[in-house]
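K.L.:
The structure file entry.txt (compact mmCIF, C-alpha atoms) is provided below.
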# COMPACT_ATOMS: atom_id res chain seq x y z
CA MET A 1 158.90 -22.37 -184.59
CA LYS A 2 156.22 -24.74 -185.90
CA PRO A 3 158.61 -27.65 -186.55
CA VAL A 4 159.84 -27.39 -182.93
CA VAL A 5 156.30 -27.49 -181.56
CA ASN A 6 155.45 -30.49 -183.71
CA ALA A 7 158.59 -32.26 -182.54
CA LEU A 8 157.62 -31.68 -178.91
CA VAL A 9 154.16 -33.08 -179.55
CA LEU A 10 155.66 -36.18 -181.16
CA VAL A 11 158.06 -36.71 -178.26
CA THR A 12 155.25 -36.33 -175.71
CA ALA A 13 152.97 -38.73 -177.59
CA SER A 14 155.70 -41.33 -177.93
CA CYS A 15 156.47 -41.16 -174.20
CA THR A 16 152.86 -41.86 -173.13
CA PRO A 17 152.84 -45.63 -173.88
CA LEU A 18 156.35 -45.93 -172.46
CA THR A 19 155.13 -44.36 -169.20
CA ALA A 20 152.18 -46.76 -169.11
CA LEU A 21 154.49 -49.72 -169.68
CA ALA A 22 156.80 -48.59 -166.91
CA GLN A 23 153.87 -48.24 -164.51
CA SER A 24 152.58 -51.67 -165.49
CA ALA A 25 155.96 -53.28 -164.91
CA SER A 26 156.16 -52.00 -161.34
CA TYR A 27 152.46 -52.60 -160.57
CA PRO A 28 151.22 -52.66 -157.87
CA THR A 29 152.97 -50.17 -155.60
CA LYS A 30 150.10 -49.16 -153.31
CA PRO A 31 146.84 -50.54 -151.84
CA ILE A 32 144.07 -51.60 -154.24
CA ARG A 33 140.42 -50.69 -153.74
CA PHE A 34 138.09 -53.65 -154.33
CA ILE A 35 134.56 -52.30 -154.87
CA VAL A 36 131.80 -54.82 -154.15
CA ALA A 37 128.40 -54.12 -155.70
CA ASN A 38 126.49 -55.37 -152.67
CA ALA A 39 126.19 -54.90 -148.94
CA ALA A 40 128.41 -56.70 -146.44
CA GLY A 41 127.27 -60.28 -145.85
CA GLY A 42 125.80 -60.92 -149.31
CA GLY A 43 127.00 -63.41 -151.90
CA GLU A 44 129.24 -60.91 -153.68
CA ASP A 45 130.77 -59.77 -150.39
CA SER A 46 131.46 -63.38 -149.33
CA THR A 47 133.10 -64.03 -152.70
CA ALA A 48 135.31 -60.96 -152.47
CA ARG A 49 136.48 -61.84 -148.96
CA ALA A 50 137.29 -65.39 -150.06
CA LEU A 51 139.61 -63.93 -152.71
CA VAL A 52 141.25 -61.14 -150.72
CA THR A 53 143.60 -63.24 -148.59
CA ARG A 54 145.28 -64.89 -151.57
CA LEU A 55 145.28 -61.76 -153.73
CA THR A 56 146.88 -59.74 -150.94
CA GLN A 57 149.68 -62.30 -150.83
CA SER A 58 150.22 -62.59 -154.58
CA LEU A 59 149.98 -58.86 -155.29
CA ALA A 60 151.99 -57.99 -152.16
CA GLN A 61 149.72 -55.03 -151.39
CA PRO A 62 146.73 -54.49 -149.11
CA ILE A 63 143.34 -54.89 -150.80
CA ILE A 64 140.59 -52.78 -149.26
CA ILE A 65 136.99 -53.97 -149.73
CA ASP A 66 134.60 -51.09 -150.40
CA ASN A 67 130.94 -52.20 -150.24
CA ARG A 68 128.77 -49.96 -152.43
CA ALA A 69 125.22 -51.33 -152.52
CA GLY A 70 122.40 -49.67 -154.43
CA ALA A 71 120.37 -49.76 -157.66
CA ALA A 72 121.14 -53.43 -158.37
CA GLY A 73 124.87 -52.79 -158.49
CA SER A 74 124.67 -49.63 -160.60
CA VAL A 75 126.11 -47.42 -157.85
CA ALA A 76 129.27 -49.53 -157.63
CA ALA A 77 129.58 -49.95 -161.38
CA GLU A 78 129.31 -46.22 -162.08
CA LEU A 79 131.88 -45.47 -159.38
CA THR A 80 134.25 -48.01 -160.95
CA ALA A 81 133.67 -46.69 -164.47
CA LYS A 82 134.60 -43.16 -163.36
CA SER A 83 137.72 -44.21 -161.41
CA PRO A 84 141.24 -43.73 -162.81
CA PRO A 85 142.20 -46.59 -165.16
CA ASP A 86 145.42 -47.34 -163.29
CA GLY A 87 144.78 -50.80 -161.82
CA TYR A 88 144.10 -49.53 -158.30
CA THR A 89 140.32 -49.88 -158.56
CA MET A 90 138.57 -53.13 -159.43
CA MET A 91 134.99 -54.24 -158.92
CA LEU A 92 133.19 -57.50 -158.29
CA GLY A 93 129.81 -57.32 -160.00
CA SER A 94 127.00 -59.71 -160.81
CA VAL A 95 125.07 -60.48 -163.99
CA GLY A 96 122.85 -57.56 -162.98
CA SER A 97 125.44 -54.81 -162.91
CA LEU A 98 127.53 -56.27 -165.74
CA ALA A 99 124.83 -57.27 -168.23
CA VAL A 100 121.19 -56.70 -167.21
CA ASN A 101 120.96 -53.13 -165.89
CA PRO A 102 121.20 -51.29 -169.23
CA SER A 103 117.93 -52.95 -170.26
CA LEU A 104 116.23 -52.24 -166.93
CA TYR A 105 117.12 -48.62 -166.21
CA LYS A 106 116.29 -45.82 -168.63
CA SER A 107 118.93 -43.54 -167.16
CA LEU A 108 122.17 -45.29 -166.23
CA GLY A 109 125.43 -43.56 -165.39
CA TYR A 110 127.61 -46.19 -167.08
CA ASN A 111 127.64 -48.68 -169.93
CA PRO A 112 129.24 -52.04 -169.01
CA GLN A 113 130.62 -52.72 -172.47
CA ARG A 114 131.90 -49.18 -173.04
CA ASP A 115 133.13 -48.22 -169.56
CA LEU A 116 134.27 -51.46 -167.87
CA ALA A 117 137.11 -53.75 -168.94
CA PRO A 118 136.58 -57.45 -168.12
CA VAL A 119 139.25 -59.22 -166.05
CA SER A 120 137.85 -62.64 -165.09
CA GLN A 121 134.63 -64.39 -164.25
CA VAL A 122 134.82 -65.48 -160.62
CA VAL A 123 131.91 -67.72 -159.69
CA SER A 124 128.74 -69.24 -161.04
CA GLN A 125 125.73 -70.03 -158.90
CA SER A 126 122.58 -71.97 -159.61
CA ASN A 127 119.23 -70.54 -158.78
CA ILE A 128 116.95 -73.26 -157.45
CA LEU A 129 113.26 -73.42 -158.26
CA VAL A 130 111.69 -74.27 -154.92
CA ALA A 131 108.03 -74.76 -154.02
CA HIS A 132 105.95 -74.72 -150.88
CA PRO A 133 105.07 -78.33 -149.91
CA SER A 134 101.39 -77.62 -150.63
CA VAL A 135 102.09 -77.14 -154.36
CA ALA A 136 100.91 -80.29 -156.15
CA ALA A 137 103.97 -80.65 -158.39
CA ARG A 138 107.19 -82.53 -157.77
CA ASN A 139 108.97 -81.84 -161.04
CA VAL A 140 109.00 -79.36 -163.93
CA ARG A 141 106.54 -81.27 -166.14
CA GLU A 142 104.00 -81.50 -163.33
CA LEU A 143 104.51 -77.81 -162.53
CA VAL A 144 103.97 -76.76 -166.14
CA ALA A 145 100.81 -78.87 -166.32
CA LEU A 146 99.56 -77.39 -163.03
CA ALA A 147 100.23 -73.82 -164.17
CA ALA A 148 98.64 -74.46 -167.58
CA SER A 149 95.45 -75.74 -165.99
CA ASN A 150 95.33 -72.89 -163.49
CA PRO A 151 96.35 -69.74 -165.42
CA GLY A 152 97.16 -66.77 -163.18
CA LYS A 153 96.77 -68.81 -160.00
CA LEU A 154 100.34 -69.82 -159.15
CA THR A 155 102.57 -67.12 -157.66
CA PHE A 156 106.34 -66.77 -157.62
CA GLY A 157 108.21 -64.29 -155.46
CA SER A 158 111.49 -62.45 -155.93
CA SER A 159 113.53 -59.89 -154.03
CA GLY A 160 112.62 -57.16 -156.52
CA SER A 161 111.51 -56.41 -160.06
CA GLY A 162 114.27 -57.16 -162.52
CA ASN A 163 116.44 -59.17 -160.15
CA ALA A 164 117.83 -62.63 -160.99
CA GLY A 165 114.90 -64.54 -159.48
CA HIS A 166 112.32 -62.42 -161.29
CA LEU A 167 114.06 -62.78 -164.67
CA ALA A 168 114.44 -66.55 -164.17
CA GLY A 169 110.69 -66.76 -163.54
CA GLU A 170 109.80 -64.67 -166.58
CA MET A 171 112.00 -66.84 -168.79
CA PHE A 172 110.32 -69.94 -167.36
CA LYS A 173 106.86 -68.50 -168.10
CA ASN A 174 107.86 -67.60 -171.63
CA MET A 175 109.43 -70.93 -172.51
CA ALA A 176 106.71 -73.02 -170.82
CA LYS A 177 103.95 -70.77 -172.17
CA VAL A 178 102.23 -70.51 -168.79
CA ASP A 179 100.77 -67.63 -166.80
CA MET A 180 102.10 -67.20 -163.26
CA VAL A 181 101.94 -64.07 -161.11
CA HIS A 182 105.15 -62.36 -159.99
CA VAL A 183 105.19 -61.00 -156.42
CA PRO A 184 108.12 -58.61 -155.77
CA TYR A 185 109.58 -58.12 -152.27
CA LYS A 186 112.27 -55.89 -150.80
CA GLY A 187 114.81 -58.58 -150.02
CA GLY A 188 115.49 -62.29 -150.14
CA ALA A 189 114.64 -62.95 -146.48
CA ALA A 190 111.10 -61.61 -146.89
CA VAL A 191 110.55 -63.77 -149.98
CA MET A 192 111.65 -66.96 -148.24
CA ASN A 193 109.58 -66.16 -145.14
CA ASP A 194 106.42 -65.87 -147.24
CA LEU A 195 107.25 -69.05 -149.14
CA LEU A 196 107.71 -70.90 -145.84
CA GLY A 197 104.39 -69.48 -144.67
CA GLY A 198 102.59 -70.61 -147.82
CA ARG A 199 101.71 -67.07 -148.89
CA ILE A 200 103.44 -67.59 -152.24
CA ASP A 201 103.88 -70.83 -154.16
CA LEU A 202 107.32 -70.68 -155.78
CA VAL A 203 110.68 -68.92 -155.67
CA PHE A 204 113.61 -69.03 -158.08
CA SER A 205 115.97 -68.71 -155.14
CA SER A 206 119.72 -68.38 -154.81
CA ALA A 207 121.38 -71.61 -153.69
CA SER A 208 122.75 -70.00 -150.53
CA THR A 209 119.23 -69.00 -149.42
CA ALA A 210 117.42 -72.14 -150.51
CA LEU A 211 119.79 -74.91 -149.39
CA PRO A 212 119.16 -74.68 -145.62
CA GLN A 213 115.39 -74.79 -146.18
CA ILE A 214 115.66 -77.70 -148.63
CA LYS A 215 117.79 -79.68 -146.19
CA ALA A 216 115.28 -78.97 -143.42
CA GLU A 217 112.52 -80.20 -145.79
CA ARG A 218 110.59 -76.97 -145.36
CA VAL A 219 110.51 -76.37 -149.13
CA ARG A 220 110.66 -78.73 -152.11
CA ALA A 221 113.43 -78.42 -154.69
CA ILE A 222 111.89 -78.74 -158.16
CA ALA A 223 114.91 -78.06 -160.38
CA VAL A 224 118.04 -75.94 -160.78
CA THR A 225 118.28 -73.17 -163.35
CA THR A 226 121.78 -73.83 -164.72
CA LEU A 227 122.65 -76.17 -167.59
CA LYS A 228 124.44 -78.56 -165.25
CA ARG A 229 123.31 -79.90 -161.89
CA SER A 230 124.46 -78.28 -158.67
CA PRO A 231 127.20 -80.19 -156.79
CA GLN A 232 125.26 -79.52 -153.59
CA LEU A 233 122.08 -81.06 -155.03
CA PRO A 234 123.25 -83.75 -157.48
CA ASN A 235 119.89 -85.52 -157.42
CA VAL A 236 117.91 -82.42 -158.39
CA PRO A 237 117.60 -82.13 -162.19
CA THR A 238 118.03 -79.00 -164.26
CA ILE A 239 115.05 -77.24 -165.80
CA ALA A 240 116.64 -77.79 -169.22
CA GLU A 241 116.72 -81.58 -168.81
CA SER A 242 113.21 -81.63 -167.34
CA GLY A 243 111.20 -80.46 -170.31
CA LEU A 244 112.48 -76.98 -171.24
CA PRO A 245 115.60 -77.58 -173.37
CA GLY A 246 117.96 -74.62 -173.51
CA TYR A 247 116.66 -73.00 -170.32
CA GLU A 248 119.54 -71.38 -168.43
CA ALA A 249 119.47 -68.68 -165.78
CA ALA A 250 122.82 -68.70 -164.01
CA ASN A 251 123.82 -66.12 -161.45
CA TRP A 252 127.49 -65.26 -161.96
CA TYR A 253 129.99 -62.73 -160.68
CA GLY A 254 132.90 -61.19 -162.52
CA ILE A 255 135.74 -58.77 -161.82
CA VAL A 256 136.11 -55.66 -163.98
CA VAL A 257 138.28 -52.54 -163.98
CA PRO A 258 137.82 -49.10 -165.56
CA MET A 259 138.10 -49.13 -169.33
CA LYS A 260 141.56 -48.11 -170.65
CA THR A 261 143.34 -49.82 -167.75
CA PRO A 262 146.66 -50.93 -169.31
CA GLN A 263 146.45 -54.45 -170.74
CA PRO A 264 149.53 -55.71 -168.84
CA ILE A 265 147.76 -54.79 -165.58
CA VAL A 266 144.57 -56.55 -166.68
CA GLU A 267 146.65 -59.64 -167.50
CA ARG A 268 148.43 -59.52 -164.14
CA LEU A 269 145.15 -59.27 -162.26
CA ASN A 270 143.64 -62.08 -164.33
CA SER A 271 146.59 -64.36 -163.60
CA ASP A 272 146.42 -63.75 -159.84
CA ILE A 273 142.62 -64.08 -159.68
CA VAL A 274 142.62 -67.35 -161.65
CA GLN A 275 145.37 -68.72 -159.42
CA ALA A 276 143.38 -67.80 -156.30
CA LEU A 277 140.20 -69.40 -157.66
CA ASN A 278 142.03 -72.60 -158.55
CA SER A 279 143.27 -73.06 -154.98
CA ALA A 280 141.49 -75.77 -152.99
CA ASP A 281 140.95 -73.61 -149.91
CA THR A 282 139.27 -70.80 -151.90
CA ARG A 283 136.99 -73.28 -153.66
CA THR A 284 136.04 -74.85 -150.33
CA VAL A 285 135.11 -71.48 -148.83
CA LEU A 286 133.03 -70.58 -151.89
CA LEU A 287 131.15 -73.90 -151.87
CA LYS A 288 130.09 -73.25 -148.28
CA HIS A 289 128.20 -70.24 -149.64
CA GLY A 290 126.68 -72.23 -152.52
CA LEU A 291 129.13 -70.75 -155.04
CA GLU A 292 131.24 -72.57 -157.65
CA ALA A 293 134.57 -71.10 -158.70
CA ALA A 294 134.48 -70.28 -162.43
CA PRO A 295 137.69 -68.50 -163.50
CA SER A 296 138.02 -67.32 -167.09
CA THR A 297 140.11 -65.23 -169.43
CA SER A 298 139.27 -61.55 -169.83
CA LYS A 299 137.99 -62.25 -173.37
CA GLU A 300 135.70 -64.99 -172.08
CA LEU A 301 134.19 -62.67 -169.49
CA GLY A 302 133.70 -59.99 -172.15
CA ALA A 303 131.87 -62.48 -174.37
CA GLN A 304 129.77 -63.58 -171.38
CA MET A 305 128.78 -59.99 -170.64
CA ARG A 306 127.70 -59.41 -174.24
CA SER A 307 125.74 -62.65 -174.65
CA GLU A 308 123.97 -62.30 -171.30
CA ALA A 309 123.08 -58.68 -172.06
CA ALA A 310 121.41 -59.75 -175.32
CA LYS A 311 119.58 -62.69 -173.72
CA TRP A 312 118.15 -60.79 -170.79
CA ALA A 313 117.30 -57.73 -172.91
CA LYS A 314 114.85 -59.93 -174.83
CA VAL A 315 113.32 -61.36 -171.63
CA ILE A 316 112.94 -57.87 -170.17
CA ARG A 317 111.46 -56.48 -173.38
CA ASP A 318 109.01 -59.37 -173.83
CA ALA A 319 107.83 -59.14 -170.20
CA GLY A 320 107.71 -55.32 -170.16
CA ILE A 321 109.88 -55.09 -167.03
CA THR A 322 111.20 -51.73 -165.82
CA ALA A 323 113.08 -50.83 -162.65
CA ASP A 324 113.07 -47.00 -162.77
Could I get this file's structure written as structure tokens?

P.N.:
Amino acid sequence: MKPVVNALVLVTASCTPLTALAQSASYPTKPIRFIVANAAGGGEDSTARALVTRLTQSLAQPIIIDNRAGAAGSVAAELTAKSPPDGYTMMLGSVGSLAVNPSLYKSLGYNPQRDLAPVSQVVSQSNILVAHPSVAARNVRELVALAASNPGKLTFGSSGSGNAGHLAGEMFKNMAKVDMVHVPYKGGAAVMNDLLGGRIDLVFSSASTALPQIKAERVRAIAVTTLKRSPQLPNVPTIAESGLPGYEAANWYGIVVPMKTPQPIVERLNSDIVQALNSADTRTVLLKHGLEAAPSTSKELGAQMRSEAAKWAKVIRDAGITAD
């Protein structure tokens, strides 16, 4: 009887990849859940909605947005990681949920590199270093000199410990070798309100939040945090070109699926997402929210997740930041 049992095992094992290939060939055959690691109305939500119209057409299936905010994207990422790897669950996450969180949270219900398969980067967004008009610095060199001569006096706010604005500020402090005080808030609106009121001096703000205030001349744009200038602020230099070479703190979003999702499905999703991001109408919608389309291959997103995880782990470790 043993040879018969072994033969059955071999037949079953050989059928498994064939079944997966058959499913991939007919994919998709039902609606797709698109988990967004942020509340409705945020940057990630706006990005997802800009993509959905084109993806619904190209995939010929409804795509249902499922907003799952909480714990800097960890709630959404854990839900995605534990979903069936069948191509019917994908997630739009940020640098936080896809690279930073493992260094911030002692107990995390997922590991981005072990549990999530990269599909494509979607957008990149500059943070903008903005100052209250009373701050006596108009560029990075003047700001560094001001902070150096007044250690512990300048303050910078963020929407929470460990978020993109906080980490950008800690990297700035480290590279410039200056002492500034971080002031955490419970949301971006509260941070900007206190900056406008002069209760804090600086904010490493998202472009979507900062641009209206810059245009109204209520805050001063010092520099952008990416390696290249923002298309919305072409006359504002980067921090890297203004005295801190190599400084880069980009906020980016990427789409991932549960690990072990069949590779043909990952490739199909990547192709459709890249096509949607390369369309002029999608790019126009994204730019209105201060976002630049940045499609990639799945391997490029995977490399981005690994390199960003290593970079921010060092910043978090050096600054002693925790979020638990």

K.L.:
Near segment 307-320 of chain A, counting all atoms listed in the file, which residues have an atom at most 12 Å away, once you skip same-chain residues fewer than 2 positions from it, shown as number ranges by chain?

P.N.:
A: 94-105, 111-113, 161-164, 166-175, 179, 181-182, 247-252, 300-305, 322-323

K.L.:
So, counting all atoms listed in the file, which residue among A:Val183, A:Ile273, A:Ala293, A:Leu244 is closest to Pro231 of chain A?

P.N.:
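Using all atoms listed in the file, Pro231 of chain A sits closest to A:Ala293.
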
K.L.:
Just checking: using only C-alpha atoms, which residue out of A:Val119, A:Val203, A:Ile65, A:Leu108 ends up closest to Val257 of chain A?

P.N.:
A:Val119

K.L.:
Go through A:Gly290, A:Gly157, A:Gly198, A:Gly188 and flag the residue nearest Pro133 of chain A, using only C-alpha atoms for the distances.

P.N.:
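The shortest atom-to-atom distance to Pro133 of chain A comes from A:Gly198.
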
K.L.:
Would you mind reading off the distance between atom CA of Leu116 of chain A and atom CA of Val256 of chain A, one decimal, in Å?

P.N.:
6.0 Å

K.L.:
Got a sec: who's within 12 Å of Asn193 of chain A, counting all atoms listed in the file, leaving out chain neighbours fewer than 3 positions off, as a list in words?

P.N.:
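Listing them by chain and then by number gives His132, Gly157, Ser158, Ser159, Tyr185, Gly187, Gly188, Ala189, Ala190, Leu196, Gly197, Gly198, Arg199, Ile200, Asp201, Leu202, Val203, Thr209, Ala210, Gln213, Arg218 and Val219 of chain A.
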
K.L.:
For a cut-off of 6 Å around (120.1, -79.5, -166.8), file coordinates, pick out all residues using only C-alpha atoms and list them as a PDB file with C-alpha atoms, in the frame of the given file.

P.N.:
ATOM      1  CA  LEU A 227     122.650 -76.170-167.590  1.00  0.00           C
ATOM      2  CA  LYS A 228     124.440 -78.560-165.250  1.00  0.00           C
ATOM      3  CA  ARG A 229     123.310 -79.900-161.890  1.00  0.00           C
ATOM      4  CA  PRO A 237     117.600 -82.130-162.190  1.00  0.00           C
ATOM      5  CA  THR A 238     118.030 -79.000-164.260  1.00  0.00           C
ATOM      6  CA  ILE A 239     115.050 -77.240-165.800  1.00  0.00           C
ATOM      7  CA  ALA A 240     116.640 -77.790-169.220  1.00  0.00           C
ATOM      8  CA  GLU A 241     116.720 -81.580-168.810  1.00  0.00           C
TER       9      GLU A 241
END

K.L.:
What does the distance from atom CA of Arg220 of chain A to atom CA of Leu287 of chain A come to in Å, to one decimal?

P.N.:
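Pair atom CA of Arg220 of chain A / atom CA of Leu287 of chain A returns 21.1 Å.
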
K.L.:
If you count all atoms listed in the file, which residues fall within 8 Å of Met91 of chain A, apart from same-chain ones fewer than 2 positions away, as a ChimeraX atom specification?

P.N.:
/A:34-37,76-77,80,89,93,255-257

K.L.:
Keeping just C-alpha atoms, export segment 74-159 of chain A of this structure as a CSV table (one decimal), in the first residue's frame.

P.N.:
chain,number,residue,atom,x,y,z
A,74,SER,CA,0.2,48.6,11.2
A,75,VAL,CA,-3.5,47.7,11.4
A,76,ALA,CA,-3.9,47.6,7.7
A,77,ALA,CA,-0.6,45.9,7.1
A,78,GLU,CA,-1.3,43.1,9.5
A,79,LEU,CA,-4.7,42.6,8.0
A,80,THR,CA,-3.1,42.4,4.6
A,81,ALA,CA,-0.4,40.0,5.7
A,82,LYS,CA,-3.0,37.6,7.2
A,83,SER,CA,-5.3,37.7,4.1
A,84,PRO,CA,-5.4,34.8,1.6
A,85,PRO,CA,-2.5,35.2,-1.0
A,86,ASP,CA,-4.9,34.9,-4.0
A,87,GLY,CA,-4.7,38.4,-5.5
A,88,TYR,CA,-8.0,39.6,-4.1
A,89,THR,CA,-6.4,41.7,-1.3
A,90,MET,CA,-3.9,44.4,-2.0
A,91,MET,CA,-2.8,47.3,0.2
A,92,LEU,CA,-1.6,50.8,-0.3
A,93,GLY,CA,0.9,51.6,2.4
A,94,SER,CA,3.4,54.4,3.2
A,95,VAL,CA,7.1,54.4,4.2
A,96,GLY,CA,5.8,54.0,7.7
A,97,SER,CA,3.9,50.7,7.3
A,98,LEU,CA,6.3,49.3,4.7
A,99,ALA,CA,9.7,50.2,6.2
A,100,VAL,CA,9.7,52.1,9.4
A,101,ASN,CA,7.3,50.4,11.8
A,102,PRO,CA,9.4,47.4,12.7
A,103,SER,CA,12.0,49.7,14.2
A,104,LEU,CA,9.4,51.8,16.1
A,105,TYR,CA,7.1,49.1,17.6
A,106,LYS,CA,8.4,46.4,19.9
A,107,SER,CA,5.4,44.2,19.3
A,108,LEU,CA,4.3,44.1,15.6
A,109,GLY,CA,1.8,41.7,14.1
A,110,TYR,CA,3.6,41.5,10.8
A,111,ASN,CA,7.0,41.9,9.1
A,112,PRO,CA,7.0,43.8,5.9
A,113,GLN,CA,9.8,41.9,4.3
A,114,ARG,CA,8.6,38.5,5.4
A,115,ASP,CA,4.8,38.9,5.1
A,116,LEU,CA,4.2,41.4,2.3
A,117,ALA,CA,5.1,41.0,-1.4
A,118,PRO,CA,5.9,44.2,-3.2
A,119,VAL,CA,3.9,45.1,-6.4
A,120,SER,CA,4.8,48.7,-7.3
A,121,GLN,CA,5.8,52.0,-5.8
A,122,VAL,CA,3.0,54.4,-6.5
A,123,VAL,CA,3.9,58.0,-5.6
A,124,SER,CA,6.7,60.0,-4.0
A,125,GLN,CA,6.0,63.2,-2.0
A,126,SER,CA,8.4,65.8,-0.7
A,127,ASN,CA,8.2,67.0,2.8
A,128,ILE,CA,8.8,70.7,3.0
A,129,LEU,CA,10.7,72.4,5.8
A,130,VAL,CA,8.6,75.4,6.6
A,131,ALA,CA,9.2,78.1,9.2
A,132,HIS,CA,7.1,80.7,11.0
A,133,PRO,CA,7.9,84.1,9.5
A,134,SER,CA,9.4,85.2,12.8
A,135,VAL,CA,12.3,82.7,12.5
A,136,ALA,CA,15.4,84.6,11.5
A,137,ALA,CA,16.5,82.2,8.8
A,138,ARG,CA,15.6,82.1,5.1
A,139,ASN,CA,17.7,79.1,4.0
A,140,VAL,CA,19.2,75.9,5.4
A,141,ARG,CA,22.6,77.5,6.1
A,142,GLU,CA,21.1,80.3,8.1
A,143,LEU,CA,18.8,77.9,9.9
A,144,VAL,CA,21.8,75.7,10.9
A,145,ALA,CA,23.7,78.7,12.1
A,146,LEU,CA,20.7,79.9,14.1
A,147,ALA,CA,20.1,76.5,15.7
A,148,ALA,CA,23.9,76.1,16.5
A,149,SER,CA,24.0,79.5,18.3
A,150,ASN,CA,20.7,78.7,20.2
A,151,PRO,CA,20.9,75.1,21.3
A,152,GLY,CA,17.6,73.7,22.5
A,153,LYS,CA,15.7,76.9,21.6
A,154,LEU,CA,14.2,76.1,18.2
A,155,THR,CA,11.2,73.8,18.1
A,156,PHE,CA,9.8,71.6,15.3
A,157,GLY,CA,6.4,70.0,15.4
A,158,SER,CA,5.1,66.8,13.9
A,159,SER,CA,1.9,64.8,13.9
